[in-house]
2 protein chains.
Amino acid sequence: MFFKFSVVLIVLMTVFIVGCGYEPYQEETSPDKSIVIQTNLDSEGQFYYKVLYKGKVVIDSSTVGFEFKNIPPMKNGFEILRAKKQSDSESYELPWGEQRYVESDYNQLKIDLREKENLGRKFSVIFRIFNDGIGFRYDFPKQKNIDSVVITDELTQFRLTGDHKVWWTPGDWDIYEHLNNTSKISEIDALSKRSHSSLAQTYIPFNAVNTPVTMKTEDGIYLSFHEANLTDYADMTLLVDTENLVLTSGLAGNDLGYKVEQKTPFVTPWRTIQIAERAGDLIESNLILNLNEPNQLADISWIKPMKYVGIWWEMHLGKSSWDMASGRHGATTENAKRYIDFAAKHGFDGVLVEGWNTGWENWIGDDREGIFDFVTPYADYDLEEVVSYANEKGVQIIMHHETSAAVSTYEQQLDTAFALCERLGIHAVKTGYVGQIIPDGYYHHGQYMVRHYRKVLLKAAEHKVMVNAHEPIKDTGIRRTFPNMISREGLRGNEFNAWSSDGGNPPEHLTIIPFTRMLSGPIDFTPGIFDIKFDKYKPNNQVNTTLAHQLALYVVIYSPIQMAADLPENYEGHPAFQFIKDVGINWDETKVLEGEIGEFVTIARKERETGNWFIGSVTDENDRKITIPLSFLGKDKTYRAMIYKDAEDAHWDKNPTAYVIENKEVQNTDELKIYLAPGGGVAISLFAN
Amino acid sequence: MFFKFSVVLIVLMTVFIVGCGYEPYQEETSPDKSIVIQTNLDSEGQFYYKVLYKGKVVIDSSTVGFEFKNIPPMKNGFEILRAKKQSDSESYELPWGEQRYVESDYNQLKIDLREKENLGRKFSVIFRIFNDGIGFRYDFPKQKNIDSVVITDELTQFRLTGDHKVWWTPGDWDIYEHLNNTSKISEIDALSKRSHSSLAQTYIPFNAVNTPVTMKTEDGIYLSFHEANLTDYADMTLLVDTENLVLTSGLAGNDLGYKVEQKTPFVTPWRTIQIAERAGDLIESNLILNLNEPNQLADISWIKPMKYVGIWWEMHLGKSSWDMASGRHGATTENAKRYIDFAAKHGFDGVLVEGWNTGWENWIGDDREGIFDFVTPYADYDLEEVVSYANEKGVQIIMHHETSAAVSTYEQQLDTAFALCERLGIHAVKTGYVGQIIPDGYYHHGQYMVRHYRKVLLKAAEHKVMVNAHEPIKDTGIRRTFPNMISREGLRGNEFNAWSSDGGNPPEHLTIIPFTRMLSGPIDFTPGIFDIKFDKYKPNNQVNTTLAHQLALYVVIYSPIQMAADLPENYEGHPAFQFIKDVGINWDETKVLEGEIGEFVTIARKERETGNWFIGSVTDENDRKITIPLSFLGKDKTYRAMIYKDAEDAHWDKNPTAYVIENKEVQNTDELKIYLAPGGGVAISLFAN
């Protein structure tokens with residue numbers, strides 16, 4: 001079943017022609033009229049925009065502009081050449097996603113600007129106004145006075161209307177693996193997060209925040225700022241003016257002194273603002289996907305959501321190691337077969353094997369070029385045999401490419417690396433970029449790396465391989481265009497709990513992530529740790545949630561690939577493991593039932609094909625009672641509910657593994673009253689049969 | 001670890017020699033003095049015995065004797081030739097059982113009797129008095145005036161001291177598959193149970209009860225009557241004199257007019273009386289085992305407790321059939337492989353395949369000789385391939401021999417049948433004896449069949465095969481001597497719930513069985529039905545318990561082989577299935593924590609090797625709250641408790657599958673307070689680490 005329809009209305013509005021230009025004031029609304037964009041030129045010919053939500057200004061007059069290397073900036077002295085309005089309404093199907101069909105319905109306002117003086121250079125600002133937010137981008141047409149440009153700064157402003165409460169991570173050019181901070185805008189202090197003992201690379205040059213950054217106004221309106229379709233540009237952080245409460249685009253750069261090099265014609269990524277009255281509406285919003293291009297891959301039959309296990313957590317615990325010289329090599333043929341057996345037994349689709357290829361003895365250090373070749377297994381790992389054993393058992397091996405951020409080494413070997421995958425019938429790779437980027441002077445989030453990540457993605461697609469990138473560039477919705485971009489990290493994952501010297505992820509972590517990082521796209525968080533305290537391996541570390549909370553993450557955190565990250569032996573004998581086996585991995589619908597950022601969130605998702613629903617809810621360090629009305633279920637149908645919840649005396653630290661599983665029949669007229677323990681959660685399967 | 005010690009004290013007591021005989025009054029006590037046996041001769045030279053418990057008579061003067069074909073009875077005119085006392089105390093290890101080491105500690109009184117007149121025939125009555133009950137048997141020595149005898153009646157009396165409350169099944173010569181009745185002794189009315197529409201054979205000739213039969217006196221003393229070591233004799237029912245409250249041995253006979261044929265020397269089985277102040281002590285008693293001989297099999301390495309699944313319940317539901325002509329043959333190669341896959345996936349040791357051999361089209365009827373040959377598979381069942389597939393997966397096929405009670409056919413083919421098992425490496429067989437015994441005139445419980453069942457058991461042992469007999473002779477502790485007698489039916493199993501026209505087994509069923517049938521030995525009850533109502537197949541039948549009650553049976557009902565009886569598809573997705581996967585199958589210790597016959601029972605068993613404890617509790621149609629003190633757990637140890645209990649609104653009929661699983665840590669100072677729903681139960685795993 002597939003349908004797609006598209007209605008394009010082009011309305012050329014020609015109002016108040018003044019001279020050779022247009023009336024500088026332009027306005028457009030969202031289809032439901034709730035959002036209004038007003039644009040104008042100020043007395044200096046600076047272009048600015050304002051955003052109103054339900055009649056109230058949420059972004060006050062904010063200017064835009066660019067600075068270049070060796071040529072004058074483009075920021076004022078503009079005239080409006082033309083204003084063009086356009087509308088589009090369509091519904092498209094996702095091969096995998098939080099929902100099957102996505103509605104896209106927007107009004108577009110395109111303003112063509114030209115410098116009155118200087119070189120008469122032109123660019124356009126294109127606004128797309130949806131009911132759930134806006135996106136705008138800059139379009140530089142081919143023109144005689146700009147051929148190649150080197151952008152040193154983009155000057156897009158977001159002028160806030162108050163000192164909002166904000167959930168932020170520091171604007172880092174190298175890594176997104178920071179905890180969220182909660183403060184007022186005026187209190188943002190990213191530079192204090194500069195050094196982190198548990199990060200192999202981090203570079204925070206300014207008081208800026210990463211996107212998505214989410215905030216709540218005094219009026220209770222939620223705003224989240226991000227970007228969409230970051231294709232050949234640099235990651236946008238937001239520089240924070242704590243006095244004037246203005247955010248300004250701060251592109252990730254390099255040590256060569258610029259941010260972006262381009263040739264006209266080119267467009268920038270979309271700058272996005274999601275606007276919602278309910279925190280949960282941010283999660284249900286499809287703004288980011290809607291600002292990306294449709295699927296460009298012809299055959300996508302090999303792209304399949306999957307649940308997987310792998311040789312991974314045991315290295316983080318120190319039970320084994322990536323490198324063979326350690327004498328406790330994790331990726332042996334025998335151990336891989338053990339995981340394959342476990343996967344086959346419990347119905348997992350894939351097994352990730354990290355540390356399978358030679359080089360791990362030297363992977364961290366200065367001289368990382370040529371360390372890894374992505375095709376040579378360690379002597380104790382028979383790649384062909386493991387793959388063939390997996391095939392026999394109906395399990396797929398997930399390839400692992402740790403580049404140690406030696407990017408040119410990897411690029412040189414991409415063909416060979418992905419050809420091996422194709423020959424072995426491997427359709428998934430996890431990539432890694434730990435360490436400072438080689439060549440020197442580049443950062444993970446700069447244009448150089450944006451181009452690299454895209455190159456890898458396209459090369460993978462050629463060889464029918466899905467990419468799960470760790471230490472990635474942030475998600476900006478590219479998965480719609482290249483659905484082999486299956487998932488990525490780009491946040492503090494579960495592994496921080498295994499070794500971080502700062503106490504790991506606090507209980508509130510996953511009550512913020514869904515409203516920040518997750519607005520950008522799928523997360524390979526690797527949940528499902530059952531041995532919460534793992535005293536056998538790391539007595540001084542632990543996961544800071546209850547076991548039921550870990551289960552809930554399979555629903556709360558969206559990803560079309562989900563790992564059951566704990567050691568196989570820690571699942572044996574746990575009836576709660578059934579939830580991980582049952583939970584859907586590809587969805588028809590997603591509903592955020594309730595939630596408050598940094599406190600708790602309750603999400604329901606309907607599985608494709610089966611019609612089963614799954615619910616996950618997690619709370620921060622505070623316990624709470626939640627009520628879940630089941631009115632979203634099919635009418636006059638009985639569902640078998642399997643409820644995995646915290647025991648009454650559960651507690652993320654004092655008693656994290658005490659859980660209760662309840663089996664009962666429910667209908668859409670029922671409500672479930674559930675107690676969430678401190679740091680706790682609940683996971684619910686609702687079987688339609 | 002194995003130890004065995006034995007202390008035999010032989011004390012020849014020679015008191016008051018009168019003439020050539022001994023003082024007729026003889027008395028002996030149990031080692032702890034709680035039980036006293038008093039014997040004497042009455043004025044007619046009848047031998048009688050009395051049993052006192054803690055100073056109170058529990059069996060009043062009861063005579064013994066025999067009637068024979070063609071020769072005078074032996075019942076009075078006796079003198080006592082000799083009285084011999086002896087004591088024995090030992091501890092022996094069971095290869096499998098409710099506990100690992102069994103204490104056996106008794107005082108023995110042997111009275112040698114001789115007819116003063118008639119033929120001067122002799123026999124002895126041997127009493128063994130344990131702290132938990134007594135056994136006595138008759139020993140007929142080789143003697144000139146009795147060579148061959150044909151016993152027409154054994155006249156052992158049990159004179160009760162009150163109109164006790166009794167849990168009884170009718171004394172049937174053909175089948176034990178009756179519901180328990182609860183009444184006063186004076187109300188026993190076995191003949192009213194004569195016809196049962198759901199039984200393929202039943203023969204109830206007298207107002208008698210089967211053993212074990214259990215009763216409770218007004219003083220709150222529990223008595224249970226049974227027999228031990230039934231080797232070459234007839235099953236003993238107990239004829240009920242409802243007026244005088246006397247039970248008399250009523251041996252199962254045949255249509256040839258006798259009960260037992262024997263040659264001197266011979267001994268009868270032990271007649272046993274268990275005595276307890278707590279109902280649960282009956283279950284903890286080892287009286288029956290202690291009255292059997294030690295293991296006689298040299299190599300028992302092939303005897304292993306196992307959990308199994310099988311092609312069985314689907315026939316009872318009518319989803320498939322035993323016979324191929326039906327067009328819905330269950331035992332196909334493909335279906336067997338499906339079960340093997342399921343078994344391998346979930347760690348089950350065995351797969352039973354019923355209906356694999358030709359003959360099922362004609363298995364019920366008059367002409368049953370030669371129908372089955374036990375070696376010829378149906379065309380759609382490749383026996384060799386199935387066995388080899390199972391071997392590859394580490395699963396054992398359980399052979400099935402349905403004899404359709406054509407006993408001589410089976411006996412003629414025993415060698416061939418068991419040689420096939422041995423060749424295929426099959427170490428377990430389930431036998432069946434549905435229908436009236438052929439040859440005509442014999443009954444399942446008569447001496448002819450007792451001999452047959454033993455013959456099969458020994459033949460099986462020769463070929464290293466364990467026997468799980470259905471429609472068996474009752475258990476009398478033979479498993480101690482031949483531990484390949486692994487389990488048996490001999491009660492109304494779970495299958496009655498699938499098709500019985502009387503509504504199936506009521507909720508109270510399994511609250512009585514542990515105190516009656518289970519006192520004799522292991523039960524292949526085939527618990528674990530999760531699809532309680534199975535409306536898809538049999539909308540008018542159902543299991544009359546909750547799902548949690550079904551789980552509890554894996555602990556409450558003892559068997560070294562336990563089936564997960566439901567269809568594989570009914571377990572998928574049920575976290576409660578974990579309990580069946582986890583629960584022990586061989587025990588170090590058993591403790592009956594609490595219980596009242598016909599109301600509820602709570603049993604804890606400690607698994608061998610792991611030291612894990614498992615608890616099961618089931619209730620009748622009434623709900624109740626129970627408290628389980630965990631003081632039996634190891635001190636200063638933390639156990640992970642996984643509690644599978646009824647949901648608050650569970651009910652055997654209205655809401656049978658609503659359950660709750662709770663995971664928490666416990667210590668031996670804790671108590672668990674558990675709610676059992678009507679017809680409900682609880683199953684608890686306590687993992688030692």
# chains A, B, ... in the order shown; residues from 1 in each chain; ligands from 1

call {"tool": "interface_residues", "arguments": {"of": "chain B", "to": "chain A", "cutoff": "6 Å", "atoms": "only C-alpha atoms", "output": "list in words"}}
result
Lys345, Pro575, Gln578, Ala658, Tyr659, Val660, Ile661, Glu662, Asn663 and Lys664 of chain B

call {"tool": "select_by_dssp", "arguments": {"residues": "stretch 10-209 of chain A", "states": "helix (DSSP H, G or I)", "output": "PyMOL selection string"}}
result
chain A and resi 185-187+190-193

call {"tool": "residues_around", "arguments": {"residues": "A:Thr63", "least_positions_apart": "3", "cutoff": "7 Å", "atoms": "only C-alpha atoms", "output": "list in words"}}
result
Gln46, Phe47, Tyr48, Tyr49, Thr156 and Gln157 of chain A

call {"tool": "residues_around", "arguments": {"residues": "A:Val240", "least_positions_apart": "4", "cutoff": "10 Å", "atoms": "only C-alpha atoms", "output": "list in words"}}
result
Phe158, Gly171, Ile185, Ser186, Glu187, Ile188, Asp189, Ala190, Phe206, Asn207, Ala208, Val209, Asn244, Leu245, Val246, Leu247, Thr248, Ser249 and Gly250 of chain A

call {"tool": "residues_around", "arguments": {"residues": "B:Asp636", "least_positions_apart": "5", "cutoff": "12 Å", "atoms": "only C-alpha atoms", "output": "list of chain:residue names"}}
result
B:Ser631, B:Val666, B:Gln667, B:Asn668, B:Thr669, B:Asp670, B:Ala688

call {"tool": "write_last_selection", "arguments": {"atoms": "C-alpha atoms", "output": "mmCIF file, in the first residue's frame"}}
result
data_model
loop_
_atom_site.group_PDB
_atom_site.id
_atom_site.type_symbol
_atom_site.label_atom_id
_atom_site.label_comp_id
_atom_site.auth_asym_id
_atom_site.auth_seq_id
_atom_site.Cartn_x
_atom_site.Cartn_y
_atom_site.Cartn_z
ATOM 1 C CA SER B 631 13.809 -18.163 56.244
ATOM 2 C CA VAL B 666 15.282 -10.677 48.800
ATOM 3 C CA GLN B 667 17.031 -12.168 51.790
ATOM 4 C CA ASN B 668 16.139 -14.864 54.251
ATOM 5 C CA THR B 669 14.760 -12.307 56.685
ATOM 6 C CA ASP B 670 12.107 -11.243 54.178
ATOM 7 C CA ALA B 688 21.175 -17.529 44.263
#

call {"tool": "residues_around", "arguments": {"residues": "B:Ile529", "least_positions_apart": "3", "cutoff": "9 Å", "atoms": "only C-alpha atoms", "output": "list in words"}}
result
Asn494, Thr526, Ile532, Val543, Leu547, Gln550, Leu551, Ala564, Ala565, Asp566, Leu567, Asn570 and Tyr571 of chain B

call {"tool": "atom_distance", "arguments": {"atom1": "atom CA of B:Tyr453", "atom2": "atom CA of B:Ile129"}}
result
29.1 Å

call {"tool": "select_by_dssp", "arguments": {"residues": "stretch 305-371 of chain A", "states": "strand (DSSP E)", "output": "VMD selection string"}}
result
chain A and resid 306 to 311 350 to 353

call {"tool": "residues_around", "arguments": {"residues": "stretch 107-121 of chain A", "least_positions_apart": "6", "cutoff": "7 Å", "atoms": "only C-alpha atoms", "output": "PyMOL selection string"}}
result
chain A and resi 28-31+77-88+127-130+145

call {"tool": "closest_residue", "arguments": {"among": "B:Ile437, B:Met236, B:Ile523, B:Ile288", "to": "B:Asp367", "atoms": "only C-alpha atoms"}}
result
B:Ile437

call {"tool": "atom_distance", "arguments": {"atom1": "atom CA of B:Gly611", "atom2": "atom CA of B:Arg624"}}
result
29.3 Å

call {"tool": "closest_residue", "arguments": {"among": "B:Gln38, B:Ser388, B:Thr202, B:Ser183", "to": "B:Arg423", "atoms": "only C-alpha atoms"}}
result
B:Ser388

call {"tool": "decode", "arguments": {"residues": "stretch 488-500 of chain B", "atoms": "all heavy atoms", "output": "mmCIF file, in the first residue's frame"}}
result
data_model
loop_
_atom_site.group_PDB
_atom_site.id
_atom_site.type_symbol
_atom_site.label_atom_id
_atom_site.label_comp_id
_atom_site.auth_asym_id
_atom_site.auth_seq_id
_atom_site.Cartn_x
_atom_site.Cartn_y
_atom_site.Cartn_z
ATOM 1 N N ARG B 488 5.020 -40.871 35.554
ATOM 2 C CA ARG B 488 3.827 -41.546 35.019
ATOM 3 C C ARG B 488 2.621 -40.645 35.182
ATOM 4 O O ARG B 488 2.674 -39.624 35.861
ATOM 5 C CB ARG B 488 3.622 -42.888 35.707
ATOM 6 C CG ARG B 488 3.070 -42.824 37.105
ATOM 7 C CD ARG B 488 3.021 -44.216 37.713
ATOM 8 N NE ARG B 488 4.343 -44.618 38.171
ATOM 9 C CZ ARG B 488 4.734 -45.899 38.365
ATOM 10 N NH1 ARG B 488 3.910 -46.905 38.103
ATOM 11 N NH2 ARG B 488 5.935 -46.162 38.814
ATOM 12 N N GLU B 489 1.553 -41.061 34.544
ATOM 13 C CA GLU B 489 0.295 -40.333 34.661
ATOM 14 C C GLU B 489 -0.425 -40.901 35.882
ATOM 15 O O GLU B 489 0.073 -40.810 36.988
ATOM 16 C CB GLU B 489 -0.497 -40.494 33.359
ATOM 17 C CG GLU B 489 -1.694 -39.565 33.241
ATOM 18 C CD GLU B 489 -2.513 -39.866 31.979
ATOM 19 O OE1 GLU B 489 -2.617 -41.060 31.596
ATOM 20 O OE2 GLU B 489 -3.042 -38.932 31.399
ATOM 21 N N GLY B 490 -1.594 -41.526 35.667
ATOM 22 C CA GLY B 490 -2.276 -42.119 36.799
ATOM 23 C C GLY B 490 -3.079 -41.098 37.578
ATOM 24 O O GLY B 490 -3.163 -41.152 38.813
ATOM 25 N N LEU B 491 -3.617 -40.146 36.858
ATOM 26 C CA LEU B 491 -4.528 -39.155 37.452
ATOM 27 C C LEU B 491 -5.190 -38.408 36.305
ATOM 28 O O LEU B 491 -4.821 -38.606 35.148
ATOM 29 C CB LEU B 491 -3.768 -38.169 38.348
ATOM 30 C CG LEU B 491 -3.140 -36.938 37.677
ATOM 31 C CD1 LEU B 491 -2.702 -35.949 38.709
ATOM 32 C CD2 LEU B 491 -2.024 -37.322 36.732
ATOM 33 N N ARG B 492 -6.127 -37.554 36.631
ATOM 34 C CA ARG B 492 -6.736 -36.707 35.600
ATOM 35 C C ARG B 492 -5.761 -35.598 35.244
ATOM 36 O O ARG B 492 -5.614 -34.630 35.989
ATOM 37 C CB ARG B 492 -8.048 -36.089 36.097
ATOM 38 C CG ARG B 492 -9.271 -36.899 35.704
ATOM 39 C CD ARG B 492 -10.524 -36.335 36.295
ATOM 40 N NE ARG B 492 -10.935 -35.103 35.662
ATOM 41 C CZ ARG B 492 -12.125 -34.942 35.049
ATOM 42 N NH1 ARG B 492 -12.981 -35.957 34.959
ATOM 43 N NH2 ARG B 492 -12.456 -33.782 34.548
ATOM 44 N N GLY B 493 -5.101 -35.753 34.117
ATOM 45 C CA GLY B 493 -4.125 -34.772 33.671
ATOM 46 C C GLY B 493 -4.794 -33.562 33.036
ATOM 47 O O GLY B 493 -6.027 -33.453 32.984
ATOM 48 N N ASN B 494 -3.948 -32.683 32.540
ATOM 49 C CA ASN B 494 -4.430 -31.429 31.957
ATOM 50 C C ASN B 494 -5.314 -31.654 30.723
ATOM 51 O O ASN B 494 -6.135 -30.809 30.389
ATOM 52 C CB ASN B 494 -3.230 -30.552 31.567
ATOM 53 C CG ASN B 494 -3.296 -29.168 32.206
ATOM 54 O OD1 ASN B 494 -4.319 -28.792 32.776
ATOM 55 N ND2 ASN B 494 -2.214 -28.416 32.110
ATOM 56 N N GLU B 495 -5.128 -32.800 30.042
ATOM 57 C CA GLU B 495 -5.865 -33.000 28.787
ATOM 58 C C GLU B 495 -7.374 -33.080 29.001
ATOM 59 O O GLU B 495 -8.138 -32.819 28.074
ATOM 60 C CB GLU B 495 -5.353 -34.239 28.051
ATOM 61 C CG GLU B 495 -5.714 -35.568 28.673
ATOM 62 C CD GLU B 495 -4.745 -36.011 29.758
ATOM 63 O OE1 GLU B 495 -3.976 -35.144 30.256
ATOM 64 O OE2 GLU B 495 -4.748 -37.190 30.107
ATOM 65 N N PHE B 496 -7.812 -33.422 30.222
ATOM 66 C CA PHE B 496 -9.258 -33.446 30.463
ATOM 67 C C PHE B 496 -9.880 -32.075 30.235
ATOM 68 O O PHE B 496 -11.045 -31.957 29.883
ATOM 69 C CB PHE B 496 -9.560 -33.934 31.888
ATOM 70 C CG PHE B 496 -9.650 -35.435 31.981
ATOM 71 C CD1 PHE B 496 -8.493 -36.203 31.951
ATOM 72 C CD2 PHE B 496 -10.880 -36.075 32.057
ATOM 73 C CE1 PHE B 496 -8.564 -37.585 32.021
ATOM 74 C CE2 PHE B 496 -10.955 -37.459 32.121
ATOM 75 C CZ PHE B 496 -9.790 -38.230 32.096
ATOM 76 N N ASN B 497 -9.071 -31.041 30.469
ATOM 77 C CA ASN B 497 -9.581 -29.687 30.246
ATOM 78 C C ASN B 497 -9.862 -29.411 28.775
ATOM 79 O O ASN B 497 -10.614 -28.510 28.444
ATOM 80 C CB ASN B 497 -8.582 -28.662 30.781
ATOM 81 C CG ASN B 497 -8.424 -28.759 32.288
ATOM 82 O OD1 ASN B 497 -9.420 -28.864 33.005
ATOM 83 N ND2 ASN B 497 -7.196 -28.755 32.769
ATOM 84 N N ALA B 498 -9.231 -30.199 27.899
ATOM 85 C CA ALA B 498 -9.388 -29.947 26.464
ATOM 86 C C ALA B 498 -10.686 -30.521 25.917
ATOM 87 O O ALA B 498 -11.204 -30.029 24.924
ATOM 88 C CB ALA B 498 -8.192 -30.508 25.692
ATOM 89 N N TRP B 499 -11.178 -31.579 26.544
ATOM 90 C CA TRP B 499 -12.335 -32.226 25.914
ATOM 91 C C TRP B 499 -13.340 -32.870 26.846
ATOM 92 O O TRP B 499 -14.379 -33.351 26.425
ATOM 93 C CB TRP B 499 -11.863 -33.268 24.904
ATOM 94 C CG TRP B 499 -10.679 -34.089 25.355
ATOM 95 C CD1 TRP B 499 -9.420 -34.022 24.843
ATOM 96 C CD2 TRP B 499 -10.623 -35.101 26.380
ATOM 97 N NE1 TRP B 499 -8.587 -34.911 25.478
ATOM 98 C CE2 TRP B 499 -9.300 -35.596 26.425
ATOM 99 C CE3 TRP B 499 -11.554 -35.640 27.276
ATOM 100 C CZ2 TRP B 499 -8.879 -36.583 27.314
ATOM 101 C CZ3 TRP B 499 -11.150 -36.623 28.174
ATOM 102 C CH2 TRP B 499 -9.821 -37.087 28.177
ATOM 103 N N SER B 500 -13.051 -32.895 28.136
ATOM 104 C CA SER B 500 -13.948 -33.626 29.019
ATOM 105 C C SER B 500 -15.337 -32.989 29.021
ATOM 106 O O SER B 500 -15.478 -31.775 29.063
ATOM 107 C CB SER B 500 -13.370 -33.627 30.437
ATOM 108 O OG SER B 500 -14.314 -34.178 31.321
#
